[in-house]
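**Q** Next comes the structure file run-v2.tsv, holding TSV, C-alpha atoms and all ligand atoms.
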chain	number	residue	atom	x	y	z
V	30	MET	CA	199.13	110.66	265.63
V	31	THR	CA	196.09	112.93	265.93
V	32	ALA	CA	193.17	112.15	268.22
V	33	ALA	CA	191.14	111.20	265.15
V	34	ALA	CA	193.01	107.95	264.51
V	35	GLY	CA	192.65	106.49	267.98
V	36	ARG	CA	188.92	106.72	268.65
V	37	PRO	CA	186.33	104.19	267.52
V	38	ALA	CA	185.41	104.83	263.92
V	39	GLY	CA	181.63	105.27	264.07
V	40	PHE	CA	181.18	105.04	260.32
V	41	LEU	CA	178.00	106.46	258.79
V	42	PRO	CA	176.38	105.30	255.53
V	43	VAL	CA	177.22	107.34	252.45
V	44	PRO	CA	174.31	107.66	249.99
V	45	LEU	CA	175.14	105.77	246.79
V	46	ALA	CA	174.66	108.97	244.80
V	47	GLN	CA	177.69	110.39	246.65
V	48	ALA	CA	179.85	107.27	246.56
V	49	SER	CA	181.99	108.45	243.62
V	50	ARG	CA	183.31	111.29	245.80
V	51	LEU	CA	185.08	108.76	247.98
V	52	LEU	CA	187.45	107.84	245.13
V	53	ASN	CA	187.29	110.97	243.01
V	54	HIS	CA	190.64	112.26	244.24
V	55	GLY	CA	192.49	109.00	243.59
V	56	PRO	CA	193.45	107.68	247.01
V	57	THR	CA	195.49	104.53	247.38
V	58	VAL	CA	193.05	101.91	248.62
V	59	LEU	CA	192.96	98.53	250.31
V	60	VAL	CA	191.02	95.97	248.29
V	61	THR	CA	189.40	93.36	250.51
V	62	SER	CA	187.96	90.10	249.26
V	63	ALA	CA	186.68	86.78	250.53
V	64	ALA	CA	185.71	83.43	249.06
V	65	GLY	CA	184.94	80.23	250.95
V	66	ASP	CA	186.95	80.30	254.15
V	67	GLN	CA	189.59	82.68	252.77
V	68	ARG	CA	189.80	86.43	253.07
V	69	ASN	CA	192.42	88.82	251.86
V	70	VAL	CA	193.56	92.41	251.57
V	71	MET	CA	195.92	94.09	249.08
V	72	ALA	CA	196.98	97.65	248.29
V	73	ALA	CA	195.88	99.29	245.05
V	74	ALA	CA	196.95	102.72	243.84
V	75	TRP	CA	194.94	102.46	240.63
V	76	SER	CA	191.22	102.83	241.17
V	77	MET	CA	188.59	105.32	240.05
V	78	PRO	CA	184.87	105.98	239.69
V	79	VAL	CA	183.54	105.32	236.19
V	80	GLU	CA	179.82	106.09	236.57
V	81	PHE	CA	177.68	108.18	238.92
V	82	SER	CA	174.40	106.31	238.70
V	83	PRO	CA	174.40	103.47	239.30
V	84	PRO	CA	177.70	104.07	241.06
V	85	ARG	CA	180.43	102.03	239.41
V	86	ILE	CA	184.15	101.90	239.93
V	87	ALA	CA	187.21	100.33	238.32
V	88	VAL	CA	190.25	98.89	240.10
V	89	VAL	CA	193.36	97.40	238.57
V	90	ILE	CA	193.80	93.98	240.19
V	91	ASP	CA	196.68	92.09	238.61
V	92	LYS	CA	195.81	88.58	237.48
V	93	GLN	CA	198.77	87.20	239.48
V	94	THR	CA	197.29	88.35	242.78
V	95	HIS	CA	195.45	86.20	245.26
V	96	THR	CA	192.87	88.98	245.45
V	97	ARG	CA	192.02	88.50	241.79
V	98	ARG	CA	191.37	84.82	242.38
V	99	LEU	CA	189.04	85.55	245.31
V	100	VAL	CA	187.23	88.30	243.38
V	101	GLU	CA	186.63	86.00	240.44
V	102	ALA	CA	185.50	83.17	242.72
V	103	SER	CA	183.09	85.30	244.76
V	104	GLY	CA	181.97	87.95	242.26
V	105	GLN	CA	182.55	90.74	244.75
V	106	PHE	CA	185.18	92.96	246.36
V	107	ALA	CA	185.42	95.95	248.64
V	108	VAL	CA	187.57	99.03	248.57
V	109	CYS	CA	188.63	100.51	251.90
V	110	VAL	CA	190.25	103.96	251.97
V	111	PRO	CA	193.11	103.98	254.50
V	112	GLY	CA	194.02	107.08	256.48
V	113	ALA	CA	197.59	108.29	256.79
V	114	ALA	CA	198.07	106.40	260.06
V	115	LEU	CA	197.81	103.16	258.03
V	116	VAL	CA	200.56	104.02	255.57
V	117	ASP	CA	202.87	101.25	256.85
V	118	LEU	CA	200.05	98.72	256.68
V	119	THR	CA	199.15	99.86	253.17
V	120	TRP	CA	202.71	99.33	252.05
V	121	ALA	CA	202.99	96.00	253.86
V	122	VAL	CA	199.85	94.40	252.39
V	123	GLY	CA	201.10	95.39	248.95
V	124	GLN	CA	204.36	93.50	249.45
V	125	CYS	CA	203.16	90.00	250.23
V	126	SER	CA	200.48	87.66	248.97
V	127	GLY	CA	197.50	86.15	250.72
V	128	ARG	CA	198.48	82.93	249.00
V	129	GLU	CA	201.26	82.61	251.58
V	130	VAL	CA	200.01	84.48	254.60
V	131	ASP	CA	196.74	85.50	256.26
V	132	LYS	CA	197.32	89.25	256.22
V	133	PHE	CA	194.42	89.91	258.59
V	134	ALA	CA	196.05	87.70	261.22
V	135	ARG	CA	199.58	88.92	260.55
V	136	HIS	CA	198.62	92.57	261.02
V	137	GLY	CA	195.95	92.06	263.69
V	138	LEU	CA	193.26	93.52	261.42
V	139	VAL	CA	189.73	93.54	262.74
V	140	ALA	CA	187.17	93.36	259.95
V	141	VAL	CA	183.56	94.41	260.16
V	142	ARG	CA	181.02	92.58	258.04
V	143	GLY	CA	179.75	94.42	254.99
V	144	PRO	CA	176.02	95.17	255.24
V	145	VAL	CA	175.04	93.95	251.76
V	146	LEU	CA	177.65	91.42	250.62
V	147	GLY	CA	179.18	90.42	253.95
V	148	LEU	CA	182.68	91.33	252.79
V	149	PRO	CA	185.44	91.95	255.36
V	150	LEU	CA	185.73	95.72	255.72
V	151	LEU	CA	188.36	97.76	257.53
V	152	GLU	CA	187.17	100.73	259.58
V	153	ALA	CA	189.82	101.31	262.27
V	154	GLY	CA	192.28	103.79	260.75
V	155	CYS	CA	190.31	103.99	257.52
V	156	ALA	CA	188.29	106.93	256.27
V	157	ALA	CA	185.72	105.07	254.16
V	158	TRP	CA	184.78	101.86	252.39
V	159	LEU	CA	182.73	100.75	249.39
V	160	GLU	CA	181.22	97.29	248.96
V	161	CYS	CA	181.08	96.27	245.30
V	162	ARG	CA	179.46	93.57	243.22
V	163	ARG	CA	181.79	92.61	240.37
V	164	LEU	CA	180.66	93.52	236.87
V	165	PRO	CA	182.36	90.89	234.69
V	166	GLU	CA	184.22	92.52	231.79
V	167	PRO	CA	186.37	89.69	230.44
V	168	HIS	CA	188.28	91.76	227.89
V	169	ALA	CA	189.21	94.58	230.30
V	170	GLU	CA	190.08	92.09	233.03
V	171	ASP	CA	192.23	89.99	230.75
V	172	ALA	CA	193.93	92.71	228.71
V	173	TYR	CA	194.29	95.44	231.36
V	174	ASP	CA	193.73	93.70	234.71
V	175	THR	CA	190.95	96.22	235.25
V	176	CYS	CA	188.02	94.95	237.29
V	177	PHE	CA	184.72	96.82	237.43
V	178	GLY	CA	182.26	96.83	240.28
V	179	GLU	CA	178.91	98.32	241.14
V	180	VAL	CA	178.88	99.96	244.55
V	181	VAL	CA	176.08	98.46	246.63
V	182	ALA	CA	176.94	100.07	249.98
V	183	ALA	CA	179.33	102.76	251.16
V	184	ALA	CA	180.19	104.38	254.47
V	185	ALA	CA	182.66	106.88	255.84
V	186	ASP	CA	184.02	108.27	259.06
V	187	PRO	CA	182.06	111.50	259.59
V	188	ARG	CA	185.12	113.15	261.12
V	189	ILE	CA	186.56	113.43	257.62
V	190	PHE	CA	183.71	112.82	255.12
V	191	ALA	CA	180.24	114.26	255.67
V	192	ASP	CA	177.42	115.61	253.51
V	193	GLY	CA	179.11	114.23	250.41
V	194	ARG	CA	182.38	116.08	251.00
V	195	TRP	CA	185.87	115.39	252.25
V	196	ASP	CA	186.92	117.77	254.99
V	197	PHE	CA	190.68	117.66	255.51
V	198	ARG	CA	191.63	119.55	258.68
V	199	PRO	CA	194.63	119.64	261.02
V	200	ASP	CA	192.74	117.62	263.64
V	201	ASN	CA	191.98	114.69	261.29
V	202	ALA	CA	195.41	114.36	259.65
V	203	ASP	CA	195.71	110.66	260.54
V	204	LEU	CA	192.51	109.91	258.64
V	205	GLN	CA	193.52	111.87	255.56
V	206	THR	CA	193.86	109.77	252.43
V	207	VAL	CA	197.22	108.74	251.02
V	208	HIS	CA	198.41	108.79	247.43
V	209	HIS	CA	201.30	106.64	246.28
V	210	LEU	CA	204.24	108.41	244.65
V	211	GLY	CA	206.17	105.16	244.13
V	212	GLY	CA	208.72	103.17	246.11
V	213	GLY	CA	206.80	103.41	249.39
V	214	ARG	CA	206.60	107.23	249.36
V	215	PHE	CA	203.13	108.65	249.78
V	216	VAL	CA	201.65	112.10	249.88
V	217	ARG	CA	198.80	112.84	252.24
V	218	ALA	CA	195.74	114.75	251.03
V	219	GLY	CA	195.06	117.92	252.92
V	220	GLY	CA	196.00	120.98	250.90
V	221	THR	CA	192.41	121.68	249.88
V	222	LEU	CA	191.90	124.44	247.31
V	223	GLN	CA	188.50	125.83	246.36
V	224	ALA	CA	188.33	126.91	242.72
V	225	ARG	CA	186.53	130.20	242.08
V	226	PRO	CA	183.82	130.34	239.43
V	227	PRO	CA	185.06	131.63	236.04
V	228	ALA	CA	184.70	135.40	235.69
V	229	ASP	CA	182.16	135.04	232.87
V	230	ALA	CA	179.94	132.55	234.74
Z	301	LIG	C1	201.19	101.29	247.30
Z	301	LIG	C2	200.86	100.09	246.45
Z	301	LIG	C3	199.97	100.21	245.42
Z	301	LIG	C4	199.64	99.09	244.63
Z	301	LIG	N1	198.75	99.24	243.62
Z	301	LIG	C5	198.35	98.15	242.92
Z	301	LIG	C6	197.31	98.26	241.94
Z	301	LIG	O1	196.73	99.32	241.71
Z	301	LIG	N2	196.97	97.12	241.28
Z	301	LIG	C7	197.58	95.91	241.52
Z	301	LIG	O2	197.20	94.91	240.89
Z	301	LIG	N3	198.55	95.78	242.45
Z	301	LIG	C8	198.93	96.87	243.16
Z	301	LIG	N4	199.88	96.74	244.13
Z	301	LIG	C9	200.51	95.45	244.36
Z	301	LIG	C10	199.64	94.49	245.19
Z	301	LIG	O3	199.16	95.12	246.36
Z	301	LIG	C11	200.50	93.27	245.53
Z	301	LIG	O4	200.76	92.54	244.34
Z	301	LIG	C12	199.92	92.37	246.60
Z	301	LIG	O5	200.96	91.59	247.13
Z	301	LIG	C13	198.82	91.46	246.09
Z	301	LIG	O6	198.37	90.73	247.19
Z	301	LIG	P1	197.52	89.39	247.10
Z	301	LIG	O7	198.30	88.40	246.25
Z	301	LIG	O8	197.40	88.95	248.50
Z	301	LIG	O9	196.23	89.73	246.46
Z	301	LIG	C14	200.23	97.84	244.91
Z	301	LIG	C15	201.15	97.73	245.96
Z	301	LIG	C16	201.46	98.84	246.73
Z	301	LIG	C17	202.43	98.69	247.86
Mind turning this structure into structure tokens?
Ligand SMILES: Cc1cc2nc3c(=O)[nH]c(=O)nc-3n(C[C@H](O)[C@H](O)[C@H](O)COP(=O)(O)O)c2cc1C

**A**
Amino acid sequence: MTAAAGRPAGFLPVPLAQASRLLNHGPTVLVTSAAGDQRNVMAAAWSMPVEFSPPRIAVVIDKQTHTRRLVEASGQFAVCVPGAALVDLTWAVGQCSGREVDKFARHGLVAVRGPVLGLPLLEAGCAAWLECRRLPEPHAEDAYDTCFGEVVAAAADPRIFADGRWDFRPDNADLQTVHHLGGGRFVRAGGTLQARPPADA
């Protein structure tokens, strides 16, 4: 584990105009939700930005999940971007349902309160989060389990995301995002490549 994973997170707000960058590279995320006295967290490999301004995202949330029930009941959800140190947690919260177990209690998760919607957000071990107000799209939700949300607040750990950019370095490996290959195997982001401008530009 690198030093980055152990220290307090110290998240900083991400301007909404830059929020799409947090999901642009397709990290596996943790979807958090709450309704009434219940809160929950599940893993989701399928999420993406769909609009820059206002910032909007889509996440596949299967209609069988407890998360989906809480999202529909509350009209909101959050997406937290786990770092590599949380790979076991990410796998674990994708294997059981909040219908049967309080995953926050089971895994000793400490949530911070979202600034706009009050959603439970994970910062320790995470690189970023986005609070979202659900945009009801009944056809997409029903036919494709795809839920849309408008990002109303976002924040990131400045050790890995600053000035609108991810910065993957050897000293922040435990905060680097993870991408699900299937069957519990993940690849960690980190092999950054900078494309050169085309020769005729
Ligand atoms: C790595 C990983 C990625 C997953 N991606 C998705 C996804 O994109 N959409 C989805 O609906 N379920 C996905 N799942 C499955 C849910 O996380 C799983 O059904 C979970 O138990 C639902 O929890 P809940 O009932 O507490 O909401 C994924 C699971 C794992 C382990």

**Q** Which is closer to Ala169 in chain V than all the others in V:His209, V:Lys92, V:His136, V:His54, using all atoms listed in the file?

**A**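 Of the candidates, the smallest distance to Ala169 in chain V is held by V:Lys92.
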
**Q** Under the rule of at most 9 Å, produce a per-residue listing of chain V near ligand LIG 301 (chain Z): chain, number, name, the closest pair of atoms, and the distance in Å, as CSV, using only C-alpha atoms and all ligand atoms.

**A**
residue,atom,partner,partner_atom,distance
V:Thr57,CA,Z:LIG301,C3,6.5
V:Val58,CA,Z:LIG301,C3,7.8
V:Leu59,CA,Z:LIG301,O3,8.1
V:Val60,CA,Z:LIG301,O9,8.3
V:Thr61,CA,Z:LIG301,O9,8.7
V:Ser62,CA,Z:LIG301,O9,8.7
V:Asn69,CA,Z:LIG301,O8,6.0
V:Val70,CA,Z:LIG301,O8,6.0
V:Met71,CA,Z:LIG301,O3,4.4
V:Ala72,CA,Z:LIG301,O3,3.9
V:Ala73,CA,Z:LIG301,N1,3.2
V:Ala74,CA,Z:LIG301,N1,3.9
V:Trp75,CA,Z:LIG301,O1,3.8
V:Ser76,CA,Z:LIG301,O1,6.6
V:Val88,CA,Z:LIG301,O1,6.7
V:Val89,CA,Z:LIG301,N2,4.5
V:Ile90,CA,Z:LIG301,O2,3.6
V:Asp91,CA,Z:LIG301,O2,3.7
V:Lys92,CA,Z:LIG301,O2,7.3
V:Gln93,CA,Z:LIG301,O7,6.9
V:Thr94,CA,Z:LIG301,O7,3.6
V:His95,CA,Z:LIG301,O7,3.7
V:Thr96,CA,Z:LIG301,O9,3.6
V:Arg97,CA,Z:LIG301,O9,6.4
V:Arg98,CA,Z:LIG301,O9,8.0
V:Leu99,CA,Z:LIG301,O9,8.4
V:Val116,CA,Z:LIG301,C1,8.7
V:Thr119,CA,Z:LIG301,C17,6.4
V:Trp120,CA,Z:LIG301,C17,4.2
V:Ala121,CA,Z:LIG301,C17,6.6
V:Val122,CA,Z:LIG301,O5,6.1
V:Gly123,CA,Z:LIG301,O3,3.2
V:Gln124,CA,Z:LIG301,O5,4.5
V:Cys125,CA,Z:LIG301,O5,4.1
V:Ser126,CA,Z:LIG301,O8,3.4
V:Gly127,CA,Z:LIG301,O8,3.6
V:Arg128,CA,Z:LIG301,O7,6.1
V:Glu129,CA,Z:LIG301,O8,8.0
V:Val130,CA,Z:LIG301,O8,8.0
V:Asp131,CA,Z:LIG301,O8,8.5
V:Lys132,CA,Z:LIG301,O8,7.7
V:Asp174,CA,Z:LIG301,O2,7.2
V:Thr175,CA,Z:LIG301,O2,8.5
V:His208,CA,Z:LIG301,C1,8.0
V:His209,CA,Z:LIG301,C1,5.4
V:Leu210,CA,Z:LIG301,C1,8.2
V:Gly211,CA,Z:LIG301,C1,7.1
V:Gly212,CA,Z:LIG301,C1,7.9
V:Gly213,CA,Z:LIG301,C1,6.4
V:Arg214,CA,Z:LIG301,C1,8.3
V:Phe215,CA,Z:LIG301,C1,8.0

**Q** Kindly save the residues from that selection, with C-alpha atoms included, as a PDB file, in the coordinates of the input.

**A**
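The resulting file, result21.pdb, is reproduced below:
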ATOM      1  CA  THR V  57     195.490 104.530 247.380  1.00  0.00           C
ATOM      2  CA  VAL V  58     193.050 101.910 248.620  1.00  0.00           C
ATOM      3  CA  LEU V  59     192.960  98.530 250.310  1.00  0.00           C
ATOM      4  CA  VAL V  60     191.020  95.970 248.290  1.00  0.00           C
ATOM      5  CA  THR V  61     189.400  93.360 250.510  1.00  0.00           C
ATOM      6  CA  SER V  62     187.960  90.100 249.260  1.00  0.00           C
ATOM      7  CA  ASN V  69     192.420  88.820 251.860  1.00  0.00           C
ATOM      8  CA  VAL V  70     193.560  92.410 251.570  1.00  0.00           C
ATOM      9  CA  MET V  71     195.920  94.090 249.080  1.00  0.00           C
ATOM     10  CA  ALA V  72     196.980  97.650 248.290  1.00  0.00           C
ATOM     11  CA  ALA V  73     195.880  99.290 245.050  1.00  0.00           C
ATOM     12  CA  ALA V  74     196.950 102.720 243.840  1.00  0.00           C
ATOM     13  CA  TRP V  75     194.940 102.460 240.630  1.00  0.00           C
ATOM     14  CA  SER V  76     191.220 102.830 241.170  1.00  0.00           C
ATOM     15  CA  VAL V  88     190.250  98.890 240.100  1.00  0.00           C
ATOM     16  CA  VAL V  89     193.360  97.400 238.570  1.00  0.00           C
ATOM     17  CA  ILE V  90     193.800  93.980 240.190  1.00  0.00           C
ATOM     18  CA  ASP V  91     196.680  92.090 238.610  1.00  0.00           C
ATOM     19  CA  LYS V  92     195.810  88.580 237.480  1.00  0.00           C
ATOM     20  CA  GLN V  93     198.770  87.200 239.480  1.00  0.00           C
ATOM     21  CA  THR V  94     197.290  88.350 242.780  1.00  0.00           C
ATOM     22  CA  HIS V  95     195.450  86.200 245.260  1.00  0.00           C
ATOM     23  CA  THR V  96     192.870  88.980 245.450  1.00  0.00           C
ATOM     24  CA  ARG V  97     192.020  88.500 241.790  1.00  0.00           C
ATOM     25  CA  ARG V  98     191.370  84.820 242.380  1.00  0.00           C
ATOM     26  CA  LEU V  99     189.040  85.550 245.310  1.00  0.00           C
ATOM     27  CA  VAL V 116     200.560 104.020 255.570  1.00  0.00           C
ATOM     28  CA  THR V 119     199.150  99.860 253.170  1.00  0.00           C
ATOM     29  CA  TRP V 120     202.710  99.330 252.050  1.00  0.00           C
ATOM     30  CA  ALA V 121     202.990  96.000 253.860  1.00  0.00           C
ATOM     31  CA  VAL V 122     199.850  94.400 252.390  1.00  0.00           C
ATOM     32  CA  GLY V 123     201.100  95.390 248.950  1.00  0.00           C
ATOM     33  CA  GLN V 124     204.360  93.500 249.450  1.00  0.00           C
ATOM     34  CA  CYS V 125     203.160  90.000 250.230  1.00  0.00           C
ATOM     35  CA  SER V 126     200.480  87.660 248.970  1.00  0.00           C
ATOM     36  CA  GLY V 127     197.500  86.150 250.720  1.00  0.00           C
ATOM     37  CA  ARG V 128     198.480  82.930 249.000  1.00  0.00           C
ATOM     38  CA  GLU V 129     201.260  82.610 251.580  1.00  0.00           C
ATOM     39  CA  VAL V 130     200.010  84.480 254.600  1.00  0.00           C
ATOM     40  CA  ASP V 131     196.740  85.500 256.260  1.00  0.00           C
ATOM     41  CA  LYS V 132     197.320  89.250 256.220  1.00  0.00           C
ATOM     42  CA  ASP V 174     193.730  93.700 234.710  1.00  0.00           C
ATOM     43  CA  THR V 175     190.950  96.220 235.250  1.00  0.00           C
ATOM     44  CA  HIS V 208     198.410 108.790 247.430  1.00  0.00           C
ATOM     45  CA  HIS V 209     201.300 106.640 246.280  1.00  0.00           C
ATOM     46  CA  LEU V 210     204.240 108.410 244.650  1.00  0.00           C
ATOM     47  CA  GLY V 211     206.170 105.160 244.130  1.00  0.00           C
ATOM     48  CA  GLY V 212     208.720 103.170 246.110  1.00  0.00           C
ATOM     49  CA  GLY V 213     206.800 103.410 249.390  1.00  0.00           C
ATOM     50  CA  ARG V 214     206.600 107.230 249.360  1.00  0.00           C
ATOM     51  CA  PHE V 215     203.130 108.650 249.780  1.00  0.00           C
TER      52      PHE V 215
END

**Q** State, in Å with one decimal place, the distance from CA of Cys155 in chain V to CA of Ala46 in chain V.

**A**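 According to the coordinates, CA of Cys155 in chain V and CA of Ala46 in chain V are separated by 20.8 Å.
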
**Q** Can you pull out every residue within 12 Å of Ala87 in chain V, counting all atoms listed in the file, but drop anything in the same chain fewer than 3 positions away, and send it as a ChimeraX atom specification?

**A** /V:49,52-53,55,58,60,73-80,84,90,106-108,159,161-166,169-170,173-180

**Q** Can you tell me which residues surround Phe190 in chain V at a distance of at most 10 Å, considering only C-alpha atoms, apart from same-chain residues fewer than 5 positions away, and format the answer as a PyMOL selection string?

**A** chain V and resi 40-41+43+50-51+156-157+184-185+195-197+204-205

**Q** Between CA of Arg68 in chain V and CA of Pro83 in chain V, what is the distance in Å, rounded to a tenth?

**A**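 So the two atoms, CA of Arg68 in chain V and CA of Pro83 in chain V, lie 26.8 Å apart.
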
**Q** Mind checking which residues fall within 8 Å of Val141 in chain V, counting only C-alpha atoms, ignoring those fewer than 6 positions away in the same chain, and posting them as a list in words?

**A**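 Once the nearby chain positions are removed, what remains is Pro149, Leu150, Leu151 and Glu152 of chain V.
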
**Q** I'd like to know which of V:Ala172, V:Val207, V:Leu146, V:Gln105 is closest to Leu118 in chain V, using all atoms listed in the file.

**A**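 Among the listed residues, V:Val207 lies closest to Leu118 in chain V.
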
**Q** Measure the distance from CA of Gly104 in chain V to CA of Val181 in chain V in Å and round it to one decimal.

**A**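 These two atoms are separated by 12.8 Å.
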
**Q** Generate N, CA and C atoms for range 208-224 of chain V and emit them as a PDB file, in the coordinates of the input.

**A**
ATOM      1  N   HIS V 208     198.302 108.900 248.886  1.00  0.00           N
ATOM      2  CA  HIS V 208     198.410 108.790 247.430  1.00  0.00           C
ATOM      3  C   HIS V 208     199.846 108.363 247.130  1.00  0.00           C
ATOM      4  N   HIS V 209     199.975 107.240 246.421  1.00  0.00           N
ATOM      5  CA  HIS V 209     201.300 106.640 246.280  1.00  0.00           C
ATOM      6  C   HIS V 209     202.126 107.343 245.208  1.00  0.00           C
ATOM      7  N   LEU V 210     203.332 107.763 245.592  1.00  0.00           N
ATOM      8  CA  LEU V 210     204.240 108.410 244.650  1.00  0.00           C
ATOM      9  C   LEU V 210     205.165 107.400 244.002  1.00  0.00           C
ATOM     10  N   GLY V 211     205.261 106.198 244.605  1.00  0.00           N
ATOM     11  CA  GLY V 211     206.170 105.160 244.130  1.00  0.00           C
ATOM     12  C   GLY V 211     207.204 104.842 245.185  1.00  0.00           C
ATOM     13  N   GLY V 212     207.629 103.567 245.222  1.00  0.00           N
ATOM     14  CA  GLY V 212     208.720 103.170 246.110  1.00  0.00           C
ATOM     15  C   GLY V 212     208.431 103.321 247.593  1.00  0.00           C
ATOM     16  N   GLY V 213     207.142 103.305 247.968  1.00  0.00           N
ATOM     17  CA  GLY V 213     206.800 103.410 249.390  1.00  0.00           C
ATOM     18  C   GLY V 213     206.679 104.846 249.876  1.00  0.00           C
ATOM     19  N   ARG V 214     206.835 105.817 248.989  1.00  0.00           N
ATOM     20  CA  ARG V 214     206.600 107.230 249.360  1.00  0.00           C
ATOM     21  C   ARG V 214     205.169 107.593 249.004  1.00  0.00           C
ATOM     22  N   PHE V 215     204.528 108.242 249.953  1.00  0.00           N
ATOM     23  CA  PHE V 215     203.130 108.650 249.780  1.00  0.00           C
ATOM     24  C   PHE V 215     203.014 110.140 250.062  1.00  0.00           C
ATOM     25  N   VAL V 216     201.991 110.744 249.495  1.00  0.00           N
ATOM     26  CA  VAL V 216     201.650 112.100 249.880  1.00  0.00           C
ATOM     27  C   VAL V 216     200.259 112.037 250.503  1.00  0.00           C
ATOM     28  N   ARG V 217     200.079 112.822 251.531  1.00  0.00           N
ATOM     29  CA  ARG V 217     198.800 112.840 252.240  1.00  0.00           C
ATOM     30  C   ARG V 217     197.940 113.975 251.670  1.00  0.00           C
ATOM     31  N   ALA V 218     196.647 113.686 251.476  1.00  0.00           N
ATOM     32  CA  ALA V 218     195.740 114.750 251.030  1.00  0.00           C
ATOM     33  C   ALA V 218     195.624 115.776 252.148  1.00  0.00           C
ATOM     34  N   GLY V 219     195.230 116.959 251.849  1.00  0.00           N
ATOM     35  CA  GLY V 219     195.060 117.920 252.920  1.00  0.00           C
ATOM     36  C   GLY V 219     195.169 119.361 252.459  1.00  0.00           C
ATOM     37  N   GLY V 220     195.867 119.608 251.389  1.00  0.00           N
ATOM     38  CA  GLY V 220     196.000 120.980 250.900  1.00  0.00           C
ATOM     39  C   GLY V 220     194.811 121.355 250.029  1.00  0.00           C
ATOM     40  N   THR V 221     193.632 121.442 250.656  1.00  0.00           N
ATOM     41  CA  THR V 221     192.410 121.680 249.880  1.00  0.00           C
ATOM     42  C   THR V 221     192.405 123.088 249.271  1.00  0.00           C
ATOM     43  N   LEU V 222     192.033 123.157 248.006  1.00  0.00           N
ATOM     44  CA  LEU V 222     191.900 124.440 247.310  1.00  0.00           C
ATOM     45  C   LEU V 222     190.490 124.534 246.764  1.00  0.00           C
ATOM     46  N   GLN V 223     189.834 125.642 246.935  1.00  0.00           N
ATOM     47  CA  GLN V 223     188.500 125.830 246.360  1.00  0.00           C
ATOM     48  C   GLN V 223     188.623 126.701 245.118  1.00  0.00           C
ATOM     49  N   ALA V 224     188.268 126.121 243.952  1.00  0.00           N
ATOM     50  CA  ALA V 224     188.330 126.910 242.720  1.00  0.00           C
ATOM     51  C   ALA V 224     187.224 127.964 242.720  1.00  0.00           C
TER      52      ALA V 224
END
